[in-house]
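Colleague: What follows is protein_30.txt, compact mmCIF, C-alpha atoms.
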# COMPACT_ATOMS: atom_id res chain seq x y z
CA MET F 249 24.86 128.31 -151.94
CA LYS F 250 23.88 130.03 -148.78
CA ARG F 251 20.72 127.94 -148.66
CA ILE F 252 22.70 124.70 -149.03
CA ALA F 253 25.03 125.79 -146.27
CA LEU F 254 22.07 126.51 -144.05
CA ALA F 255 20.48 123.15 -144.87
CA LEU F 256 23.77 121.41 -144.11
CA PHE F 257 24.04 123.28 -140.86
CA ALA F 258 20.50 122.24 -139.93
CA CYS F 259 21.32 118.58 -140.64
CA CYS F 260 24.50 118.71 -138.59
CA SER F 261 22.81 120.34 -135.67
CA ILE F 262 20.15 117.63 -135.66
CA ALA F 263 22.81 114.94 -135.80
CA SER F 264 24.72 116.50 -132.93
CA ALA F 265 21.58 117.01 -130.85
CA ASP F 266 21.35 115.13 -127.59
CA GLU F 267 21.13 111.44 -128.44
CA ARG F 268 20.90 110.36 -124.84
CA ARG F 269 17.71 108.53 -124.00
CA SER F 270 16.20 107.90 -120.64
CA GLY F 271 15.28 104.26 -120.11
CA LEU F 272 11.72 105.56 -119.80
CA LEU F 273 11.50 105.92 -123.59
CA ASP F 274 12.65 102.34 -124.18
CA MET F 275 9.76 100.85 -122.25
CA ARG F 276 6.48 99.71 -123.74
CA PRO F 277 3.69 102.35 -123.64
CA GLU F 278 1.86 100.67 -120.73
CA ALA F 279 4.92 100.85 -118.48
CA GLN F 280 5.53 104.46 -119.52
CA ALA F 281 1.96 105.33 -118.62
CA MET F 282 2.47 103.65 -115.25
CA GLN F 283 5.40 105.94 -114.49
CA ARG F 284 3.77 109.12 -115.79
CA ASP F 285 0.59 108.80 -113.74
CA ASP F 286 1.14 109.07 -110.00
CA SER F 287 -2.10 107.22 -109.27
CA MET F 288 -0.73 104.17 -111.13
CA ASN F 289 2.92 104.40 -110.09
CA PRO F 290 3.60 102.00 -107.20
CA GLY F 291 6.86 103.87 -106.52
CA MET F 292 4.66 106.61 -105.07
CA LEU F 293 3.82 104.25 -102.19
CA TRP F 294 7.46 104.46 -101.12
CA VAL F 295 7.45 108.23 -101.57
CA LEU F 296 4.42 108.45 -99.27
CA ASP F 297 6.15 106.17 -96.75
CA GLY F 298 9.19 108.44 -96.92
CA GLU F 299 7.03 111.51 -96.36
CA ALA F 300 5.66 109.93 -93.19
CA LEU F 301 9.17 109.01 -92.00
CA TRP F 302 10.40 112.53 -92.74
CA GLY F 303 8.10 113.93 -90.08
CA ARG F 304 8.52 111.11 -87.55
CA LYS F 305 11.11 111.01 -84.75
CA PRO F 306 13.12 107.75 -84.97
CA THR F 307 13.19 107.65 -81.16
CA PRO F 308 11.08 109.80 -78.84
CA ALA F 309 14.10 111.83 -77.73
CA ALA F 310 15.51 112.36 -81.21
CA GLN F 311 14.72 114.98 -83.83
CA SER F 312 12.83 114.15 -86.98
CA CYS F 313 14.22 115.00 -90.41
CA ALA F 314 11.66 117.82 -90.61
CA ASP F 315 12.84 119.33 -87.31
CA CYS F 316 16.13 120.35 -88.97
CA HIS F 317 15.34 120.42 -92.68
CA GLY F 318 11.78 121.74 -92.52
CA ASP F 319 9.58 121.38 -95.55
CA ALA F 320 11.27 118.93 -97.90
CA ALA F 321 9.60 120.49 -100.95
CA ALA F 322 11.82 123.53 -100.37
CA SER F 323 14.89 122.20 -98.54
CA MET F 324 15.38 119.01 -100.58
CA ARG F 325 14.56 120.46 -103.98
CA GLY F 326 17.46 119.73 -106.32
CA VAL F 327 19.48 117.85 -103.71
CA ALA F 328 19.23 114.42 -105.34
CA ALA F 329 20.33 115.92 -108.67
CA ARG F 330 23.69 116.83 -107.09
CA TYR F 331 24.56 113.45 -105.56
CA PRO F 332 26.96 111.62 -105.18
CA ALA F 333 28.82 114.55 -103.64
CA PHE F 334 32.17 115.01 -101.95
CA ASP F 335 32.05 114.78 -98.17
CA GLN F 336 34.76 117.05 -96.77
CA ALA F 337 34.62 115.47 -93.30
CA SER F 338 35.47 111.96 -94.47
CA GLY F 339 37.45 113.06 -97.52
CA SER F 340 35.50 110.72 -99.78
CA ALA F 341 32.44 110.70 -102.01
CA ILE F 342 29.07 109.96 -100.52
CA ASP F 343 25.81 108.96 -102.19
CA LEU F 344 22.35 110.18 -101.22
CA ALA F 345 21.50 107.03 -99.26
CA GLY F 346 24.85 107.26 -97.50
CA ARG F 347 24.13 110.86 -96.55
CA ILE F 348 20.77 109.85 -95.06
CA ILE F 349 22.48 107.06 -93.07
CA GLN F 350 25.10 109.55 -91.88
CA CYS F 351 22.46 112.07 -90.85
CA ARG F 352 20.57 109.41 -88.92
CA GLU F 353 23.72 108.42 -87.01
CA ALA F 354 25.16 111.86 -86.39
CA HIS F 355 22.08 113.98 -85.73
CA GLN F 356 19.24 111.67 -84.83
CA ALA F 357 21.08 109.08 -82.71
CA GLY F 358 18.47 106.68 -84.01
CA PRO F 359 18.80 103.02 -84.94
CA PRO F 360 21.09 102.81 -87.98
CA LEU F 361 19.44 102.49 -91.39
CA ALA F 362 20.51 99.40 -93.34
CA ARG F 363 21.23 99.66 -97.06
CA GLU F 364 18.23 98.57 -99.14
CA SER F 365 16.02 98.55 -96.05
CA LYS F 366 12.45 99.63 -96.67
CA GLU F 367 12.94 102.70 -94.47
CA LEU F 368 16.05 103.93 -96.26
CA LEU F 369 14.53 103.33 -99.71
CA ALA F 370 11.41 105.21 -98.65
CA LEU F 371 13.43 108.18 -97.37
CA SER F 372 15.68 108.29 -100.44
CA SER F 373 12.65 108.00 -102.74
CA PHE F 374 10.97 110.85 -100.93
CA VAL F 375 14.06 113.07 -101.01
CA ALA F 376 14.80 112.29 -104.67
CA HIS F 377 11.16 112.85 -105.59
CA GLN F 378 11.55 116.50 -104.53
CA SER F 379 13.91 116.93 -107.51
CA ARG F 380 11.67 115.31 -110.09
CA GLY F 381 11.88 117.14 -113.39
CA LEU F 382 15.06 119.01 -112.47
CA PRO F 383 18.21 118.50 -114.55
CA ILE F 384 20.92 116.27 -113.11
CA ALA F 385 23.71 118.60 -112.00
CA PRO F 386 26.75 116.79 -110.57
CA PRO F 387 29.04 119.04 -108.50
CA GLU F 388 32.14 120.41 -110.19
CA ASP F 389 34.62 120.21 -107.30
CA THR F 390 38.01 118.61 -107.71
CA GLY F 391 37.34 115.85 -105.22
CA MET F 392 34.54 114.48 -107.37
CA ARG F 393 36.68 114.63 -110.51
CA ALA F 394 38.98 111.90 -109.19
CA VAL F 395 36.01 109.83 -108.06
CA ARG F 396 34.42 110.08 -111.50
CA ALA F 397 37.68 109.08 -113.15
CA LEU F 398 37.71 105.93 -111.01
CA GLY F 399 34.08 105.32 -111.93
CA GLN F 400 34.86 105.67 -115.60
CA ARG F 401 37.76 103.24 -115.25
CA ILE F 402 35.51 100.64 -113.59
CA TYR F 403 32.83 101.25 -116.23
CA ASN F 404 35.34 100.38 -118.94
CA THR F 405 36.95 97.43 -117.14
CA ARG F 406 36.06 93.93 -118.23
CA MET F 407 34.96 91.82 -115.30
CA GLY F 408 33.51 88.45 -114.32
CA GLN F 409 33.56 85.08 -116.03
CA LEU F 410 31.86 86.60 -119.07
CA ASP F 411 34.67 89.17 -119.19
CA LEU F 412 32.42 92.08 -120.08
CA SER F 413 32.62 95.74 -119.14
CA CYS F 414 29.63 98.01 -118.58
CA ALA F 415 30.61 99.93 -121.72
CA GLN F 416 30.51 96.88 -123.95
CA CYS F 417 26.76 96.59 -123.47
CA HIS F 418 25.60 100.05 -122.53
CA ASP F 419 27.80 102.08 -124.92
CA ASP F 420 28.47 99.68 -127.79
CA HIS F 421 25.11 97.90 -127.92
CA ALA F 422 22.64 100.29 -126.32
CA GLY F 423 19.28 100.19 -128.05
CA ARG F 424 19.75 96.57 -129.12
CA ARG F 425 18.39 93.60 -127.25
CA LEU F 426 19.89 91.13 -124.82
CA ALA F 427 17.57 88.14 -125.09
CA GLY F 428 14.12 89.64 -124.52
CA SER F 429 15.24 92.84 -122.81
CA SER F 430 16.34 96.05 -124.44
CA ILE F 431 19.74 97.39 -123.45
CA PRO F 432 19.38 100.95 -122.15
CA GLN F 433 22.04 103.64 -122.31
CA ALA F 434 22.55 103.39 -118.55
CA HIS F 435 21.43 106.83 -117.45
CA PRO F 436 20.44 106.66 -113.78
CA THR F 437 17.63 109.18 -114.14
CA GLY F 438 14.98 107.68 -111.91
CA TYR F 439 16.55 106.08 -108.84
CA PRO F 440 15.40 104.67 -106.51
CA ILE F 441 13.27 102.87 -109.11
CA TYR F 442 10.27 100.61 -108.88
CA ARG F 443 11.45 97.66 -110.91
CA LEU F 444 8.74 95.32 -112.13
CA GLU F 445 11.14 92.38 -111.88
CA TRP F 446 11.80 93.17 -108.21
CA GLN F 447 8.15 93.96 -107.49
CA GLY F 448 9.48 96.70 -105.31
CA VAL F 449 11.73 99.71 -105.04
CA GLY F 450 15.51 99.38 -105.15
CA SER F 451 18.58 101.56 -105.41
CA LEU F 452 20.99 102.09 -108.27
CA GLN F 453 23.51 99.96 -106.39
CA ARG F 454 21.09 97.05 -106.33
CA ARG F 455 20.67 97.48 -110.08
CA LEU F 456 24.45 97.54 -110.56
CA ARG F 457 24.72 94.36 -108.49
CA GLY F 458 22.24 92.74 -110.86
CA CYS F 459 24.46 93.57 -113.84
CA MET F 460 27.61 92.38 -112.05
CA VAL F 461 26.02 89.08 -111.08
CA GLY F 462 24.84 88.82 -114.69
CA VAL F 463 28.41 88.87 -116.00
CA ARG F 464 29.40 86.44 -113.18
CA ALA F 465 31.49 88.98 -111.32
CA GLU F 466 31.57 89.34 -107.57
CA PRO F 467 29.54 92.47 -106.87
CA PHE F 468 30.99 95.34 -104.86
CA ALA F 469 29.52 95.84 -101.40
CA TYR F 470 26.63 98.26 -100.87
CA GLY F 471 27.99 101.70 -100.10
CA SER F 472 31.50 100.78 -101.28
CA SER F 473 33.68 103.46 -102.84
CA GLU F 474 33.62 101.54 -106.12
CA PHE F 475 29.82 101.66 -106.38
CA ILE F 476 29.75 105.33 -105.43
CA ALA F 477 32.41 106.03 -108.08
CA ILE F 478 30.37 104.27 -110.79
CA GLU F 479 27.28 106.13 -109.61
CA ALA F 480 29.15 109.45 -109.82
CA TYR F 481 30.39 108.66 -113.33
CA LEU F 482 26.92 107.62 -114.52
CA MET F 483 25.39 110.80 -113.11
CA GLU F 484 28.02 112.82 -114.99
CA ARG F 485 27.07 111.03 -118.24
CA ALA F 486 23.46 111.93 -117.53
CA ARG F 487 24.22 115.58 -116.70
CA GLY F 488 21.32 117.79 -117.74
CA MET F 489 18.80 114.95 -118.13
CA ALA F 490 15.67 115.28 -116.03
CA LEU F 491 15.32 113.31 -112.81
CA GLU F 492 12.26 111.01 -112.80
CA THR F 493 12.13 109.52 -109.30
CA PRO F 494 10.23 107.30 -108.68
CA ALA F 495 10.77 105.75 -112.11
CA ILE F 496 9.31 102.45 -113.31
CA ARG F 497 11.63 100.05 -115.08
CA PRO F 498 10.97 96.54 -116.42
CA MET R 205 -2.41 99.91 -92.52
CA ALA R 206 -1.20 99.43 -96.03
CA ARG R 207 -0.66 102.49 -98.12
CA VAL R 208 -3.22 103.06 -100.86
CA LEU R 209 -3.37 105.19 -104.00
CA LEU R 210 -6.92 105.85 -105.14
CA ARG R 211 -8.24 107.86 -108.06
CA VAL R 212 -11.92 108.61 -107.85
CA PRO R 213 -13.49 111.68 -109.48
CA THR R 214 -14.81 113.98 -106.79
CA MET R 215 -17.40 115.67 -109.02
CA THR R 216 -19.08 114.35 -112.14
CA GLU R 217 -22.27 114.53 -114.19
CA LYS R 218 -25.10 112.09 -113.65
CA GLY R 219 -25.00 109.21 -116.12
CA SER R 220 -21.35 109.70 -117.10
CA VAL R 221 -18.89 106.82 -117.20
CA ILE R 222 -16.23 107.26 -114.52
CA GLU R 223 -12.93 105.46 -114.19
CA ILE R 224 -11.84 104.32 -110.75
CA ARG R 225 -8.29 103.24 -109.95
CA ALA R 226 -7.08 101.52 -106.80
CA LEU R 227 -3.50 100.57 -105.96
CA ILE R 228 -2.56 99.03 -102.63
CA GLN R 229 0.81 98.25 -101.09
CA HIS R 230 0.98 94.50 -100.50
CA VAL R 231 3.72 91.87 -100.92
CA MET R 232 1.43 89.27 -102.57
CA GLU R 233 3.79 86.50 -101.42
CA THR R 234 2.83 83.43 -103.43
CA GLY R 235 3.68 80.71 -100.90
CA TYR R 236 5.84 78.97 -103.49
CA ARG R 237 9.05 80.94 -103.12
CA PRO R 238 11.91 79.85 -100.86
CA ASN R 239 13.72 82.43 -98.74
CA ALA R 240 17.51 82.78 -98.42
CA GLN R 241 17.59 79.78 -96.05
CA GLY R 242 15.74 77.60 -98.57
CA GLU R 243 12.51 77.44 -96.56
CA LEU R 244 9.20 78.18 -98.24
CA GLN R 245 7.84 81.58 -97.30
CA PRO R 246 4.25 81.31 -96.15
CA ARG R 247 1.61 82.57 -98.51
CA ASP R 248 0.45 86.12 -97.88
CA ILE R 249 -1.87 87.50 -100.55
CA ILE R 250 -4.99 89.58 -100.90
CA TRP R 251 -7.93 87.34 -101.82
CA THR R 252 -10.73 89.73 -102.58
CA PHE R 253 -11.29 93.29 -103.63
CA THR R 254 -14.73 94.86 -103.46
CA CYS R 255 -15.93 98.31 -104.44
CA ARG R 256 -19.25 99.59 -103.16
CA TYR R 257 -20.92 102.71 -104.51
CA GLY R 258 -23.74 104.04 -102.38
CA GLY R 259 -23.79 100.72 -100.53
CA GLU R 260 -24.17 98.63 -103.67
CA VAL R 261 -21.38 96.39 -104.98
CA VAL R 262 -20.31 97.76 -108.36
CA PHE R 263 -17.11 95.80 -108.79
CA ASN R 264 -15.42 92.88 -107.13
CA ALA R 265 -12.41 90.74 -107.94
CA THR R 266 -10.90 87.52 -106.67
CA LEU R 267 -7.12 87.67 -106.62
CA SER R 268 -4.75 84.71 -106.82
CA PRO R 269 -1.10 83.92 -105.98
CA ALA R 270 -0.12 84.69 -109.59
CA ILE R 271 -0.87 88.40 -109.19
CA ALA R 272 2.09 90.75 -108.73
CA ALA R 273 2.88 92.72 -105.60
CA ASN R 274 1.07 96.02 -105.04
CA PRO R 275 -2.01 95.02 -107.08
CA PHE R 276 -3.49 97.77 -109.25
CA ILE R 277 -7.14 97.53 -110.24
CA ALA R 278 -8.90 99.93 -112.63
CA PHE R 279 -12.52 99.73 -113.72
CA THR R 280 -15.37 101.92 -114.85
CA THR R 281 -18.85 102.47 -113.54
CA ILE R 282 -21.72 104.88 -114.19
CA ALA R 283 -22.20 107.87 -111.93
CA THR R 284 -25.75 107.44 -110.64
CA GLN R 285 -25.92 109.36 -107.38
CA SER R 286 -23.88 111.36 -104.91
CA GLY R 287 -22.54 109.13 -102.20
CA PRO R 288 -19.64 107.24 -100.69
CA VAL R 289 -17.47 104.87 -102.70
CA SER R 290 -15.81 102.32 -100.45
CA PHE R 291 -12.99 99.95 -101.29
CA THR R 292 -12.29 96.80 -99.29
CA TRP R 293 -9.32 94.47 -99.60
CA GLU R 294 -9.23 91.22 -97.65
CA GLY R 295 -6.48 88.64 -97.50
CA ASP R 296 -4.30 86.21 -95.59
CA ASN R 297 -3.27 86.75 -91.96
CA GLY R 298 -6.45 88.67 -91.27
CA PHE R 299 -5.57 91.43 -93.71
CA ALA R 300 -8.55 93.72 -94.11
CA GLN R 301 -8.59 97.34 -95.17
CA THR R 302 -11.35 99.69 -96.17
CA GLU R 303 -10.99 103.15 -97.69
CA THR R 304 -13.82 105.50 -98.53
CA ARG R 305 -14.10 108.45 -100.92
CA HIS R 306 -17.05 110.64 -101.77
CA ILE R 307 -18.48 111.34 -105.23
CA THR R 308 -20.69 114.33 -105.90
CA VAL R 309 -22.98 113.82 -108.88
CA THR R 310 -24.57 116.90 -110.42
Show me, as structure tokens, the structure contained in the file I just sent.
Modeller:
Amino acid sequence: MKRIALALFACCSIASADERRSGLLDMRPEAQAMQRDDSMNPGMLWVLDGEALWGRKPTPAAQSCADCHGDAAASMRGVAARYPAFDQASGSAIDLAGRIIQCREAHQAGPPLARESKELLALSSFVAHQSRGLPIAPPEDTGMRAVRALGQRIYNTRMGQLDLSCAQCHDDHAGRRLAGSSIPQAHPTGYPIYRLEWQGVGSLQRRLRGCMVGVRAEPFAYGSSEFIAIEAYLMERARGMALETPAIRP
Amino acid sequence: MARVLLRVPTMTEKGSVIEIRALIQHVMETGYRPNAQGELQPRDIIWTFTCRYGGEVVFNATLSPAIAANPFIAFTTIATQSGPVSFTWEGDNGFAQTETRHITVT
């Protein structure tokens, strides 16, 4: 009897084990190999660009990122795993790219960084790369709780001419296929990603835009509170999963 | 200068088969795609890739507009002698880049 109980317990614990899958595991082996080997991963080109920008002054009079933050391997370790975070000064949530833009404006007095610009993607790739392999650890403060609740609401809201919510594909049909592509569980573990379709690196918000356009909805603006809320909710869903930046995705 | 990721063994045994990998940052714009204003974007691709080992060409490739951005090329050769391995990419708009690594053969 005891043995049966133990066997049952073993079965249950396997069933209740983490069933979350990174999109990495849903790719074909060649694409997985591309991500796992830094000499094949084109996302590393952006990381190297970011490393160069980290040490460079945006204007001769300004400070470089390294002048304040020092060695990124130490100062930026784990930072990307905690974003989006609550910004006390503005009283709203801020994503990693937004924080870099803010830092550039407030402390470097340099030319502003545009969303999805090569420079900003390189810097965010470089910063996020410092947390590769670390578990995603969204902050627990109360400010972020409200933001995540908004994100969850948007995630479950039907939108666009196709009248679909994020959840209808990524929760209800994850693992199945939409035409030729597999539907992932929507864990943002590797952003900014090198997407083969884009032939370049892009942010999570660009990816979200792609899905919104796909359901014929008008996408939110880059850096909008809605996008940051979805991002915060998705990071909460992926809590504990390892960060992979720069990830490859199809 | 375009950024490059190269994997070349630094030390190897004489006669062994070595794998060389070269990845370069390049847009590989086909010349067939319109931009946001509907105008064709001019072609901008890499045309040739050449690898020389000890001065001798061991691998070359002709690239075409159908090849994706940031072209990745991997090939094998036999380690014959210690010496420089140079990689040259040439393309539109006078694009030319050469990188060199050194192999020690024991």
Colleague: What's around F:Asp315 at 12 Å? Count all atoms listed in the file, leave out sequence neighbours fewer than 5 positions away in its own chain, and write the answer as a ChimeraX atom specification.
Modeller: /F:301-306,310,320,323,355-356
Colleague: Would you list which chain F residues are within 8 Å of chain R using all atoms listed in the file, as number ranges by chain?
Modeller: F: 287-288, 290, 293, 296-297, 447-448
Colleague: Smallest atom-to-atom distance to F:Pro436: which of F:Val395, F:Ala362, F:Met489, F:Ala357, using only C-alpha atoms?
Modeller: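 Checking each of F:Val395, F:Ala362, F:Met489, F:Ala357 against F:Pro436, counting only C-alpha atoms, the winner is F:Met489.
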Colleague: Using only C-alpha atoms, which protein or nucleic acid residues come within 10 Å of R:Phe263? Drop anything in the same chain fewer than 4 positions from it, and give the result as a short mmCIF file (atom, residue, chain, number, x, y, z; two decimals) with C-alpha atoms, in the coordinates of the input.
Modeller:
data_model
loop_
_atom_site.label_atom_id
_atom_site.label_comp_id
_atom_site.auth_asym_id
_atom_site.auth_seq_id
_atom_site.Cartn_x
_atom_site.Cartn_y
_atom_site.Cartn_z
CA PHE R 253 -11.29 93.29 -103.63
CA THR R 254 -14.73 94.86 -103.46
CA CYS R 255 -15.93 98.31 -104.44
CA ARG R 256 -19.25 99.59 -103.16
CA TYR R 257 -20.92 102.71 -104.51
CA ALA R 278 -8.90 99.93 -112.63
CA PHE R 279 -12.52 99.73 -113.72
CA THR R 280 -15.37 101.92 -114.85
CA THR R 281 -18.85 102.47 -113.54
CA PHE R 291 -12.99 99.95 -101.29
#
Colleague: Would you work out the distance separating atom CA of F:Gly326 from atom CA of F:Gly291, expressed in Å to one decimal?
Modeller: 19.1 Å
Colleague: What is the atom CA of R:Ile271-atom CA of F:Gln283 distance in Å, reported with one decimal?
Modeller: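 Distance between the two atoms: 19.4 Å.
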Colleague: Quote the spacing between atom CA of F:Asp335 and atom CA of F:Gly391 in Å to one decimal place.
Modeller: 8.9 Å
Colleague: Using the file's own x, y and z axes, what box holds all listed atoms of stretch 209-225 of chain R with 5 Å on each side, keeping edges along x, y and z, and what are its centre and edge lengths in Å to one decimal, as JSON?
Modeller:
{"center_x": -14.2, "center_y": 109.5, "center_z": -110.6, "size_x": 31.7, "size_y": 22.4, "size_z": 23.2}
Colleague: Would you please work out which residue, of F:Leu410, F:Gln453, F:Glu267, F:Gly488, is nearest to F:Phe468 when using all atoms listed in the file?
Modeller: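 Among the listed residues, F:Gln453 lies closest to F:Phe468.
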Colleague: Would you list the contacts of R:Pro213 as a compact mmCIF listing (two decimals) with C-alpha atoms, keeping the file's coordinate frame, taking every protein, DNA or RNA residue within 8 Å and counting all atoms listed in the file, but skipping same-chain residues closer than 4 positions in sequence?
Modeller:
# COMPACT_ATOMS: atom_id res chain seq x y z
CA ILE R 222 -16.23 107.26 -114.52
CA GLU R 223 -12.93 105.46 -114.19
CA ILE R 224 -11.84 104.32 -110.75
CA ILE R 307 -18.48 111.34 -105.23
